[in-house]
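Trainee: Below you'll find the structure I mean.
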Amino acid sequence: MRSELQPHVRLPEARLLFHPDRPGDADIHPLRGLARFGPFSSTFTPSPIRVATLTPAGESRRLFNFLKELNRPAKPRERTDYLPDWTSFNSVFQTHLAPATSSCLNELDIDLDHKLEECAAPELLLNERIVRSIQLLDAERSEFDVLFIYLPERWANAFYGPNDFDLHHQLKAFTAGRRIPIQIVREGSALAYRCRASVMWRIGLALYAKAGGVPWRLADVMPDTAYIGISYALRPMQSAQPRFVTCCSQIFNADGAGLEFLAYDTTEVDVQRENPFLSQTEMFRVLTRSLDVYRRRHGGRSPTRVMVHKSTEFKDAEINGSFEALKHCEAVDLVQVVEDVGWQAVRWEKTGNQLGSSQADRYPVKRGTLLGLSGKDALLWMHGTVDSIGSRPYFQGGRSTPRPIRLVRHAGHGPWDDTARAALALSKMNWNNDGLYDPLPVTMSYAKTLAQVIKRMPAIGKGTFQFRFFI
């Protein structure tokens, strides 16, 4: 008896578009495309982008010098097969930076260093002092576009703490509720990092996106398609009552641009091994509200196809609720994205003309390799080598054997190509990352960040949120 896998296929790298009216302004390399064509939204981005600052006492000048560095050229000292030269923020993003009014350029209390050394819970003290300063800035919200917060390494013992405390997530939870986009600048990973080009690309891209800019969109799309990522945040109660579950839904256009996302608390769930599963009513509710977001942004028009991603399986109640909410859509795909799988593979190439002669390739499996396991599930190598980046195949990270993700289809039919192409394309839509791609589609990669922030928000409200306040 012999067991064989299905033949594999290789899907092409998704192209990114850098101008709404010039389809030729496209590239598979996000940073190279920005350097060549400028950002997608260059004609409708605020100019200047006004930057407010919050620093330790007496250290405003250090942050100002860092911001000035964004307009100085830098050559990469790492990832030289991927990173283009950094020219300047003005030339790459076709807009310029300006300091906000003096009332938005603030420093923390002069005694904070001493207080942090003496405090038994320095993480709570630092969070409280920064939050208090941001509250004062809230009154000046119309005077700035993005707030930069500088954190020196001498405060590192206050960045994390007991009970899952994370200063970054705490500050995002506070500012997201007030619609204030922030950029946290760490001394070690930004001001003192050896490769200045890497820092400038990473900070510049994040700054532009947080100011409301659109760096790129997907060039080759399935028209009238909506992508929805569903995630959950478990929030422990202070009593013996059941845990609150916050359901998050992220809605993306056919071209991969994030519209908005919604979140709300629910108790109508079945929690199994820390994984919440919605009732039919709750799944109907979340997808109905998601479609409302899409229609509002598309002149009342509904998508013809909806692809829903989540990390856990779709239970029968969730499937029924999905079809009830999406009954007017022509196609519905419910896809479980499994990140941790046991599969690995190596690439073998034929050698010479001798029948059956082959050897291991010098490079790992190519990104975009798709291997169907059955009509219900398939393996997709999101991580792997990519051609057309440089003179040789590019392997992001440069080490390890790439593992695939597993796509499990709980609704939908036909070949795997469309489902896999969508996942590959959406892995290039994280505007808070200067890499060629993420290991997951943005429907899933954002989910982790959103869950960490949302569960720390004291009140969610009934409105929707923009992604730029959370990235």
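Note on naming: chains are A, B, ... as they come in the structure tokens, residues start from 1 per chain, ligands start from 1 in the order shown.
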Give me, as a list in words, the residues of segment 104-164 of chain A that a backbone DSSP run labels strand (DSSP E or B).
Mentor: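 DSSP on the backbone gives strand (DSSP E or B) at Leu105, Asn106, Glu107, Val146, Leu147, Phe148, Ile149, Tyr150, Leu151, Tyr160 and Gly161 of chain A.
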Trainee: Put those residues in a file: N, CA and C atoms, as a PDB file, in the first residue's frame.
Mentor:
ATOM      1  N   LEU A 105       4.053  69.761  22.964  1.00  0.00           N
ATOM      2  CA  LEU A 105       5.410  69.248  23.111  1.00  0.00           C
ATOM      3  C   LEU A 105       5.720  69.195  24.604  1.00  0.00           C
ATOM      4  N   ASN A 106       5.416  68.051  25.214  1.00  0.00           N
ATOM      5  CA  ASN A 106       5.404  67.955  26.670  1.00  0.00           C
ATOM      6  C   ASN A 106       6.494  67.030  27.206  1.00  0.00           C
ATOM      7  N   GLU A 107       6.816  67.252  28.484  1.00  0.00           N
ATOM      8  CA  GLU A 107       7.751  66.391  29.194  1.00  0.00           C
ATOM      9  C   GLU A 107       7.091  65.879  30.469  1.00  0.00           C
ATOM     10  N   VAL A 146      -0.227  62.855  15.175  1.00  0.00           N
ATOM     11  CA  VAL A 146       0.322  61.657  15.810  1.00  0.00           C
ATOM     12  C   VAL A 146       1.126  62.083  17.026  1.00  0.00           C
ATOM     13  N   LEU A 147       1.030  61.300  18.100  1.00  0.00           N
ATOM     14  CA  LEU A 147       1.784  61.561  19.323  1.00  0.00           C
ATOM     15  C   LEU A 147       2.939  60.572  19.432  1.00  0.00           C
ATOM     16  N   PHE A 148       4.174  61.091  19.547  1.00  0.00           N
ATOM     17  CA  PHE A 148       5.353  60.270  19.775  1.00  0.00           C
ATOM     18  C   PHE A 148       5.669  60.247  21.271  1.00  0.00           C
ATOM     19  N   ILE A 149       5.857  59.039  21.815  1.00  0.00           N
ATOM     20  CA  ILE A 149       6.191  58.877  23.224  1.00  0.00           C
ATOM     21  C   ILE A 149       7.547  58.194  23.317  1.00  0.00           C
ATOM     22  N   TYR A 150       8.514  58.862  23.927  1.00  0.00           N
ATOM     23  CA  TYR A 150       9.869  58.317  24.034  1.00  0.00           C
ATOM     24  C   TYR A 150      10.050  57.637  25.394  1.00  0.00           C
ATOM     25  N   LEU A 151      10.496  56.357  25.355  1.00  0.00           N
ATOM     26  CA  LEU A 151      10.731  55.575  26.568  1.00  0.00           C
ATOM     27  C   LEU A 151      12.197  55.142  26.616  1.00  0.00           C
ATOM     28  N   TYR A 160       6.804  46.029  31.828  1.00  0.00           N
ATOM     29  CA  TYR A 160       5.981  44.835  32.051  1.00  0.00           C
ATOM     30  C   TYR A 160       5.806  44.647  33.554  1.00  0.00           C
ATOM     31  N   GLY A 161       4.777  43.897  33.928  1.00  0.00           N
ATOM     32  CA  GLY A 161       4.534  43.678  35.344  1.00  0.00           C
ATOM     33  C   GLY A 161       3.618  42.500  35.583  1.00  0.00           C
TER      34      GLY A 161
END
Trainee: List the spatial neighbours of Cys247 of chain A as a ChimeraX atom specification - criterion: any atom at most 7 Å away, only C-alpha atoms, same-chain residues fewer than 5 positions off excluded.
Mentor: /A:231-233,263-265
Trainee: Restricted to C-alpha atoms, what would the selected residues look like written as a PDB file, in the first residue's frame?
Mentor:
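What follows is the written file selection_10.pdb:
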ATOM      1  CA  SER A 231     -11.138  37.117  16.978  1.00  0.00           C
ATOM      2  CA  TYR A 232     -11.864  37.092  20.685  1.00  0.00           C
ATOM      3  CA  ALA A 233     -10.416  38.596  23.830  1.00  0.00           C
ATOM      4  CA  ALA A 263     -15.907  44.985  19.201  1.00  0.00           C
ATOM      5  CA  TYR A 264     -18.502  44.228  21.837  1.00  0.00           C
ATOM      6  CA  ASP A 265     -18.831  42.189  25.017  1.00  0.00           C
TER       7      ASP A 265
END
Trainee: With the cut-off set at 9 Å and counting only C-alpha atoms, tabulate each residue of segment 67-104 of chain A with an atom at most that distance from an atom of segment 139-144 of chain A, showing the nearest atom pair and its distance in Å to one decimal, ordered by chain and increasing number, as JSON lines.
Mentor:
{"residue": "A:Pro99", "atom": "CA", "partner": "A:Phe144", "partner_atom": "CA", "distance": 8.3}
{"residue": "A:Ala100", "atom": "CA", "partner": "A:Phe144", "partner_atom": "CA", "distance": 5.5}
{"residue": "A:Thr101", "atom": "CA", "partner": "A:Glu143", "partner_atom": "CA", "distance": 6.6}
{"residue": "A:Ser103", "atom": "CA", "partner": "A:Glu140", "partner_atom": "CA", "distance": 7.6}
{"residue": "A:Cys104", "atom": "CA", "partner": "A:Glu140", "partner_atom": "CA", "distance": 6.9}
Trainee: With only C-alpha atoms as the counted atoms, please give the residues lying no more than 10 Å from His383 of chain A, apart from itself and same-chain residues fewer than 2 positions off, as a list in words.
Mentor: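 Listed by chain and then number, they are Pro364, Val365, Lys366, Arg367, Gly368, Thr369, Leu380, Trp381, Thr385, Val386, Phe395, Gln396, Gly397, Thr401, Pro402, Arg403, Pro404, Ile405, Leu424, Ser427, Tyr437, Asp438, Pro439 and Leu440 of chain A.
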Trainee: Those residues with N, CA and C atoms, as a PDB file, in the first residue's frame please?
Mentor:
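To be explicit, this is the file written out as result-v5.pdb:
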ATOM      1  N   PRO A 364      15.139  27.187   0.778  1.00  0.00           N
ATOM      2  CA  PRO A 364      13.938  26.535   1.327  1.00  0.00           C
ATOM      3  C   PRO A 364      12.776  26.522   0.333  1.00  0.00           C
ATOM      4  N   VAL A 365      11.695  25.893   0.743  1.00  0.00           N
ATOM      5  CA  VAL A 365      10.460  25.846  -0.048  1.00  0.00           C
ATOM      6  C   VAL A 365      10.042  27.275  -0.402  1.00  0.00           C
ATOM      7  N   LYS A 366       9.524  27.448  -1.592  1.00  0.00           N
ATOM      8  CA  LYS A 366       9.142  28.780  -2.049  1.00  0.00           C
ATOM      9  C   LYS A 366       7.831  29.219  -1.399  1.00  0.00           C
ATOM     10  N   ARG A 367       7.779  30.487  -1.052  1.00  0.00           N
ATOM     11  CA  ARG A 367       6.535  31.077  -0.546  1.00  0.00           C
ATOM     12  C   ARG A 367       5.472  30.973  -1.636  1.00  0.00           C
ATOM     13  N   GLY A 368       4.244  30.652  -1.200  1.00  0.00           N
ATOM     14  CA  GLY A 368       3.156  30.472  -2.146  1.00  0.00           C
ATOM     15  C   GLY A 368       2.954  29.035  -2.570  1.00  0.00           C
ATOM     16  N   THR A 369       3.762  28.110  -2.039  1.00  0.00           N
ATOM     17  CA  THR A 369       3.560  26.693  -2.351  1.00  0.00           C
ATOM     18  C   THR A 369       2.272  26.211  -1.684  1.00  0.00           C
ATOM     19  N   LEU A 380      -0.409  25.767   3.109  1.00  0.00           N
ATOM     20  CA  LEU A 380       0.050  26.913   2.333  1.00  0.00           C
ATOM     21  C   LEU A 380       1.299  27.469   2.994  1.00  0.00           C
ATOM     22  N   TRP A 381       2.387  27.549   2.232  1.00  0.00           N
ATOM     23  CA  TRP A 381       3.632  28.115   2.752  1.00  0.00           C
ATOM     24  C   TRP A 381       3.596  29.628   2.603  1.00  0.00           C
ATOM     25  N   THR A 385      11.037  31.186   0.284  1.00  0.00           N
ATOM     26  CA  THR A 385      11.840  32.031  -0.594  1.00  0.00           C
ATOM     27  C   THR A 385      10.963  32.716  -1.643  1.00  0.00           C
ATOM     28  N   VAL A 386      11.407  33.902  -2.056  1.00  0.00           N
ATOM     29  CA  VAL A 386      10.675  34.719  -3.025  1.00  0.00           C
ATOM     30  C   VAL A 386      11.652  35.167  -4.106  1.00  0.00           C
ATOM     31  N   PHE A 395      14.976  35.082   1.221  1.00  0.00           N
ATOM     32  CA  PHE A 395      14.350  34.307   2.290  1.00  0.00           C
ATOM     33  C   PHE A 395      14.291  35.192   3.526  1.00  0.00           C
ATOM     34  N   GLN A 396      13.110  35.649   3.847  1.00  0.00           N
ATOM     35  CA  GLN A 396      12.920  36.583   4.955  1.00  0.00           C
ATOM     36  C   GLN A 396      13.346  35.929   6.269  1.00  0.00           C
ATOM     37  N   GLY A 397      14.203  36.603   7.024  1.00  0.00           N
ATOM     38  CA  GLY A 397      14.713  36.055   8.268  1.00  0.00           C
ATOM     39  C   GLY A 397      16.013  35.296   8.086  1.00  0.00           C
ATOM     40  N   THR A 401      13.660  26.301   8.908  1.00  0.00           N
ATOM     41  CA  THR A 401      12.887  25.643   7.856  1.00  0.00           C
ATOM     42  C   THR A 401      11.461  26.156   7.920  1.00  0.00           C
ATOM     43  N   PRO A 402      10.964  26.775   6.857  1.00  0.00           N
ATOM     44  CA  PRO A 402       9.622  27.381   6.934  1.00  0.00           C
ATOM     45  C   PRO A 402       8.529  26.333   7.113  1.00  0.00           C
ATOM     46  N   ARG A 403       7.621  26.623   8.003  1.00  0.00           N
ATOM     47  CA  ARG A 403       6.454  25.769   8.226  1.00  0.00           C
ATOM     48  C   ARG A 403       5.250  26.382   7.512  1.00  0.00           C
ATOM     49  N   PRO A 404       4.341  25.569   7.026  1.00  0.00           N
ATOM     50  CA  PRO A 404       3.139  26.103   6.385  1.00  0.00           C
ATOM     51  C   PRO A 404       2.065  26.435   7.417  1.00  0.00           C
ATOM     52  N   ILE A 405       1.049  27.138   6.981  1.00  0.00           N
ATOM     53  CA  ILE A 405      -0.187  27.216   7.742  1.00  0.00           C
ATOM     54  C   ILE A 405      -1.162  26.215   7.132  1.00  0.00           C
ATOM     55  N   LEU A 424      -2.328  34.834   0.956  1.00  0.00           N
ATOM     56  CA  LEU A 424      -1.002  35.342   0.596  1.00  0.00           C
ATOM     57  C   LEU A 424      -1.024  36.856   0.418  1.00  0.00           C
ATOM     58  N   SER A 427      -1.357  38.845   3.607  1.00  0.00           N
ATOM     59  CA  SER A 427      -0.168  38.826   4.465  1.00  0.00           C
ATOM     60  C   SER A 427       0.754  40.010   4.172  1.00  0.00           C
ATOM     61  N   TYR A 437       6.362  40.478   4.021  1.00  0.00           N
ATOM     62  CA  TYR A 437       5.070  39.865   4.336  1.00  0.00           C
ATOM     63  C   TYR A 437       5.037  39.503   5.808  1.00  0.00           C
ATOM     64  N   ASP A 438       3.860  39.216   6.300  1.00  0.00           N
ATOM     65  CA  ASP A 438       3.648  38.650   7.632  1.00  0.00           C
ATOM     66  C   ASP A 438       3.487  37.135   7.493  1.00  0.00           C
ATOM     67  N   PRO A 439       3.707  36.385   8.563  1.00  0.00           N
ATOM     68  CA  PRO A 439       3.480  34.941   8.471  1.00  0.00           C
ATOM     69  C   PRO A 439       1.998  34.558   8.439  1.00  0.00           C
ATOM     70  N   LEU A 440       1.111  35.525   8.648  1.00  0.00           N
ATOM     71  CA  LEU A 440      -0.333  35.283   8.631  1.00  0.00           C
ATOM     72  C   LEU A 440      -1.019  36.370   7.804  1.00  0.00           C
TER      73      LEU A 440
END
Trainee: Excluding Leu125 of chain A and any residue of its chain fewer than 2 positions from it, enumerate the residues within 9 Å of it, using only C-alpha atoms, and give them as a list in words.
Mentor: Leu112, Lys115, Leu116, Cys119, Ala121, Pro122, Glu123, Asn127, Glu128, Arg129, Ile130 and Ala158 of chain A
Trainee: Quick one, how far is atom CA of Trp201 of chain A from atom CA of Leu83 of chain A?
Mentor: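 These two atoms are separated by 8.5 Å.
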Trainee: Between A:Leu54, A:Ala226, A:Ala425, A:Leu370, single out the one closest to Leu137 of chain A, counting only C-alpha atoms.
Mentor: A:Leu54
Trainee: Measuring atom to atom with only C-alpha atoms, identify which of A:Arg392, A:Arg22, A:Arg202, A:Arg132 is nearest to Asn433 of chain A.
Mentor: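 Checking each candidate against Asn433 of chain A, we get A:Arg202 as the closest.
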Trainee: Excluding Arg72 of chain A and residues on its chain fewer than 3 positions from it, collect all residues at most 10 Å away from it, counting only C-alpha atoms, and give them as a list in words.
Mentor: Leu67, Lys68, Glu69, Trp86, Thr87, Ser88, Phe89, Asn90, Arg196, Ala197 and Met200 of chain A
Trainee: DSSP says alpha helix (DSSP H) for which residues of segment 203-421 of chain A? Put them as a count of residues only?
Mentor: 41
Trainee: Between A:Gln135, A:Leu205, A:Ala447, A:Thr53, which one has atoms that come closest to Phe174 of chain A, using only C-alpha atoms?
Mentor: A:Gln135
Trainee: Could you work out how far atom CA of Val306 of chain A lies from atom CA of Leu287 of chain A, giving the answer in Å with one decimal?
Mentor: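 That distance, rounded to one decimal, is 10.0 Å.
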Trainee: Can you tell me how far atom CA of Phe469 of chain A sits from atom CA of Phe261 of chain A, in Å to one decimal?
Mentor: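 Here the two named atoms are 11.0 Å from each other.
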Trainee: Which is closest to Glu274 of chain A among A:Met382, A:Val245, A:Val293, A:Met457, if we use only C-alpha atoms?
Mentor: A:Val245
Trainee: Near Ala422 of chain A, within 12 Å and counting only C-alpha atoms, which residues show up once chain neighbours fewer than 4 positions away are dropped, as a PDB file with C-alpha atoms, in the first residue's frame?
Mentor:
ATOM      1  CA  LEU A  11       1.088  30.730  -6.462  1.00  0.00           C
ATOM      2  CA  PRO A  12       2.685  34.012  -7.546  1.00  0.00           C
ATOM      3  CA  GLU A  13       3.640  36.809  -5.157  1.00  0.00           C
ATOM      4  CA  ALA A  14       0.868  39.397  -4.818  1.00  0.00           C
ATOM      5  CA  ARG A  15       1.490  42.769  -6.451  1.00  0.00           C
ATOM      6  CA  LEU A 218      -3.516  45.147  -3.496  1.00  0.00           C
ATOM      7  CA  ASP A 220      -4.960  42.183  -8.339  1.00  0.00           C
ATOM      8  CA  VAL A 221      -8.207  41.715  -6.470  1.00  0.00           C
ATOM      9  CA  MET A 222     -11.445  39.775  -6.598  1.00  0.00           C
ATOM     10  CA  THR A 225     -15.170  40.795  -2.048  1.00  0.00           C
ATOM     11  CA  ALA A 226     -15.050  41.467   1.674  1.00  0.00           C
ATOM     12  CA  TYR A 227     -12.591  39.823   4.045  1.00  0.00           C
ATOM     13  CA  ILE A 228     -13.602  39.514   7.682  1.00  0.00           C
ATOM     14  CA  PHE A 252     -11.202  44.555   4.815  1.00  0.00           C
ATOM     15  CA  ASN A 253     -11.864  45.695   1.253  1.00  0.00           C
ATOM     16  CA  ALA A 254     -11.212  43.554  -1.802  1.00  0.00           C
ATOM     17  CA  ASP A 255      -7.953  45.500  -2.192  1.00  0.00           C
ATOM     18  CA  GLY A 256      -6.904  44.595   1.355  1.00  0.00           C
ATOM     19  CA  VAL A 306     -17.402  37.187   1.783  1.00  0.00           C
ATOM     20  CA  MET A 307     -14.408  35.310   3.129  1.00  0.00           C
ATOM     21  CA  VAL A 308     -14.336  34.882   6.923  1.00  0.00           C
ATOM     22  CA  HIS A 309     -11.118  33.919   8.734  1.00  0.00           C
ATOM     23  CA  ASP A 333     -16.089  31.023   2.511  1.00  0.00           C
ATOM     24  CA  VAL A 335     -11.895  29.404   6.592  1.00  0.00           C
ATOM     25  CA  GLY A 368       3.156  30.472  -2.146  1.00  0.00           C
ATOM     26  CA  LEU A 380       0.050  26.913   2.333  1.00  0.00           C
ATOM     27  CA  MET A 382       3.218  31.759   3.708  1.00  0.00           C
ATOM     28  CA  LEU A 407      -6.327  26.233   5.778  1.00  0.00           C
ATOM     29  CA  TRP A 416      -8.064  26.155  -3.258  1.00  0.00           C
ATOM     30  CA  ASP A 417      -6.438  28.812  -5.441  1.00  0.00           C
ATOM     31  CA  ASP A 418      -8.696  31.765  -4.546  1.00  0.00           C
ATOM     32  CA  LEU A 426      -3.487  39.776   2.852  1.00  0.00           C
ATOM     33  CA  SER A 427      -0.168  38.826   4.465  1.00  0.00           C
ATOM     34  CA  LYS A 428       1.287  41.908   2.741  1.00  0.00           C
ATOM     35  CA  MET A 429      -1.242  44.397   4.118  1.00  0.00           C
ATOM     36  CA  LEU A 440      -0.333  35.283   8.631  1.00  0.00           C
ATOM     37  CA  PRO A 441      -2.961  37.175   6.629  1.00  0.00           C
ATOM     38  CA  VAL A 442      -3.705  40.552   8.136  1.00  0.00           C
ATOM     39  CA  THR A 443      -7.144  39.285   9.176  1.00  0.00           C
TER      40      THR A 443
END
Trainee: Between A:Thr288, A:Gln183, A:Gln336, A:Ser198, which is the closest to Ser249 of chain A once you count only C-alpha atoms?
Mentor: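 Of the candidates, the smallest distance to Ser249 of chain A is held by A:Thr288.
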